[in-house]
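What follows is a short report on a single structure.
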Amino acid sequence: MSKIPICKEDISAKWLTDRLTSLGYCRIDKLQLEVMMGHNPHLSQLFRVQIEYSVRTSNHPDVVVLKIPPANHVIRLREAALGPYESEAGCYQLLEEFQGFSLPLMYSLIQNPDEATACFVFEDIGPLPKGRKYAQLGLQETHQVLEFIAAYQAMFWLDESLSQHGWIRDSSWSHLFNQNPTESALGWQAIKQDSKIEKTDGLICAGEFLGSGLIDLMNVMNDRPNTLTHNDLHQGNILLRQSDSGFDPVVIDWQLTAYAGGTNDLAKFLMTAVPFRILSENEKSLVGYYVDCLQSMGISDYSFDECWRDYRRAQVMVLANYAISGVHQLPDGILQISHGDSTRAVIKAFEIIDPQELADVLT
């Protein structure tokens, strides 16, 4: 058997025993695998695994999460060429000190350098409460995520050595994930045609900028201080681990990392993962809290005013990304925009934006 399983049948008691020997000697007798939410055979397969041991130590977990690449050979190599497996593996190694806290503890990592694929054995953060699709963040958890964002970004602030890693994308790629900015105009047309979407003044100001106007904005945003960015900090990539003090947020899926402006993460997190009520009541103070956290970690030359400007610009890029990825054309030629949770959250976030202020930072 390959060291990297590519299907459920490859995951045996012996294979997992070998993966967990770093924790001490053990012998696993039986496994029970459950397909998890987020399991996508075209990207990665996720299993929650219940373990029965005949020999174990107190360090050995009762449950682990396995993340393995797709089974289909063509799809696996196509996806690997985009670098997600190398990126996630590299980030967990860079951010090892956060494992077991703001990152899941990684019990085992195996990489296949020929395919550029990897498989992971993670701690199980725990299932979401029944009926919930995403972790429910309050103001305290929002602050904790902002603290973590500032911590990993401060660690690699202006660190040009990151650009030497082939699995870390550059700033230009990070804005729209290498998509054509002019295609965002189609998404804006779909949003305008959708009677279910309220066209607030802030949304209209941002939407009318989509298309060729994004090219100039992308050039301006390349002047931001670069650092390590997660680049996909939406609500589905934040879990809650139960602790003695309550629930602590844990960030997962580091597959789209880039050396880019830190407000990419700030904007996507606040727009998609933070409940709208909390965002609408605390937006400026939350951005200020992020800046304060950066400054407490030694990043003293990035002011609130600079960050606020970059945050507003990054919000437009987030809208553009969803406008490109979420639009499709029906057989009758009508454009339709996704009504997915993140897309709706991004659109709603523009309700609280002053259109004149937004216009000023876009021009």
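Letters A, B, ... mark the chains of the structure tokens in the order given; residue numbers begin at 1 per chain; ligand numbers begin at 1, in order shown.
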
Excluding Gln32 in chain A and residues on its chain fewer than 5 positions from it, collect all residues at most 7 Å away from it, counting only C-alpha atoms, and give them as a JSON list (two decimals) with C-alpha atoms, in the first residue's frame.
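Once written, result13.json looks like this:
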```json
[["chain", "number", "residue", "atom", "x", "y", "z"],
["A", 49, "VAL", "CA", -12.16, 8.01, 12.57],
["A", 50, "GLN", "CA", -13.21, 6.32, 15.82],
["A", 51, "ILE", "CA", -10.35, 4.13, 17.11]]
```

Contacts of Trp173 in chain A at 10 Å (only C-alpha atoms; same-chain gap of 4+ positions) as a short mmCIF file (atom, residue, chain, number, x, y, z; two decimals) with N, CA and C atoms, in the first residue's frame:
```cif
data_model
loop_
_atom_site.label_atom_id
_atom_site.label_comp_id
_atom_site.auth_asym_id
_atom_site.auth_seq_id
_atom_site.Cartn_x
_atom_site.Cartn_y
_atom_site.Cartn_z
N ARG A 169 1.82 31.45 -2.81
CA ARG A 169 1.53 32.29 -3.97
C ARG A 169 1.95 33.73 -3.71
N PHE A 177 -7.45 35.00 -6.79
CA PHE A 177 -7.08 33.60 -7.03
C PHE A 177 -6.80 33.36 -8.50
N ASN A 178 -6.12 34.33 -9.12
CA ASN A 178 -5.66 34.22 -10.51
C ASN A 178 -6.80 34.24 -11.52
N GLN A 179 -7.96 34.71 -11.11
CA GLN A 179 -9.09 34.82 -12.03
C GLN A 179 -9.02 36.15 -12.79
N MET A 218 -5.97 46.41 -7.98
CA MET A 218 -5.01 45.36 -7.66
C MET A 218 -3.60 45.91 -7.63
N LEU A 256 -4.54 27.83 0.41
CA LEU A 256 -4.44 28.93 -0.56
C LEU A 256 -3.52 30.04 -0.06
N ALA A 258 -0.70 32.79 0.70
CA ALA A 258 0.02 33.71 -0.18
C ALA A 258 0.83 34.68 0.66
N TYR A 259 1.87 35.22 0.03
CA TYR A 259 2.63 36.31 0.62
C TYR A 259 1.99 37.59 0.09
N ALA A 260 1.09 38.15 0.90
CA ALA A 260 0.23 39.21 0.41
C ALA A 260 -0.15 40.15 1.55
#
```

| request: Excluding range 242-247 of chain A and residues on its chain fewer than 4 positions from it, collect all residues at most 12 Å away from it, counting only C-alpha atoms, and give them as a list in words. | output: Gly100, Phe101, Ser102, Asp124, Ile125, Gly126, Pro127, Leu128, Pro129, Ala135, Gln136, Leu137, Gly138, Gln140, Glu141, Thr142, Gln144, Val145 and Ile238 of chain A

| said: Residues of range 139-323 of chain A classed as alpha helix (DSSP H) by DSSP on the backbone are to be reported as an MDAnalysis selection string. | reply: chainID A and resid 139:155 171:176 184:193 201:207 213:221 263:272 276:296 304:323

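Ranking A:Leu319, A:Val65, A:Leu77, A:Ala89 by their shortest atom-to-atom distance to Cys205 in chain A, with only C-alpha atoms included, puts A:Leu319 first.
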
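Nearest to Ser280 in chain A of all the residues A:Pro225, A:Leu139, A:Gly236, A:Gly24 is A:Leu139, based on only C-alpha atoms.
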
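Taking CA of Leu20 in chain A and CA of Phe47 in chain A as the two end points, the separation is 16.2 Å.
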
| query | Any idea what's packed within 12 Å of Leu362 in chain A, counting only C-alpha atoms, ignoring anything in its chain fewer than 4 positions away? Could you give it as an MDAnalysis selection string? | reply | chainID A and resid 205:210 213:221 309:317 355:358

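Among the candidate residues A:Ala185, A:Cys293, A:Val287, A:Cys26, the one lying nearest to Lys14 in chain A is A:Cys26, with distances computed using only C-alpha atoms.
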
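With distances restricted to only C-alpha atoms, A:Trp188 is the closest residue to Leu335 in chain A from A:Trp188, A:Phe269, A:Tyr290, A:Phe350.
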
| field | Backbone DSSP call of strand (DSSP E or B) for range 80-167 of chain A, listed as a ChimeraX atom specification | value | /A:99,103,106-112,117-123

| task | Please identify all polymer residues within 12 Å of Asp10 in chain A, counting only C-alpha atoms, omitting same-chain residues fewer than 3 positions from it, and present them as a VMD selection string. | result | chain A and resid 1 to 7 13 to 16 31 33 66 68 71

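Of the residues listed (A:Ile11, A:Val361, A:Ala154, A:Met36), A:Ala154 shows the shortest atom-to-atom separation from Gly261 in chain A; distances use only C-alpha atoms.
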
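Minimum atom-to-atom distances from A:Asn112, A:Ser161, A:Ser172, A:Gln153 to Met297 in chain A were compared using only C-alpha atoms, and the lowest value belongs to A:Gln153.
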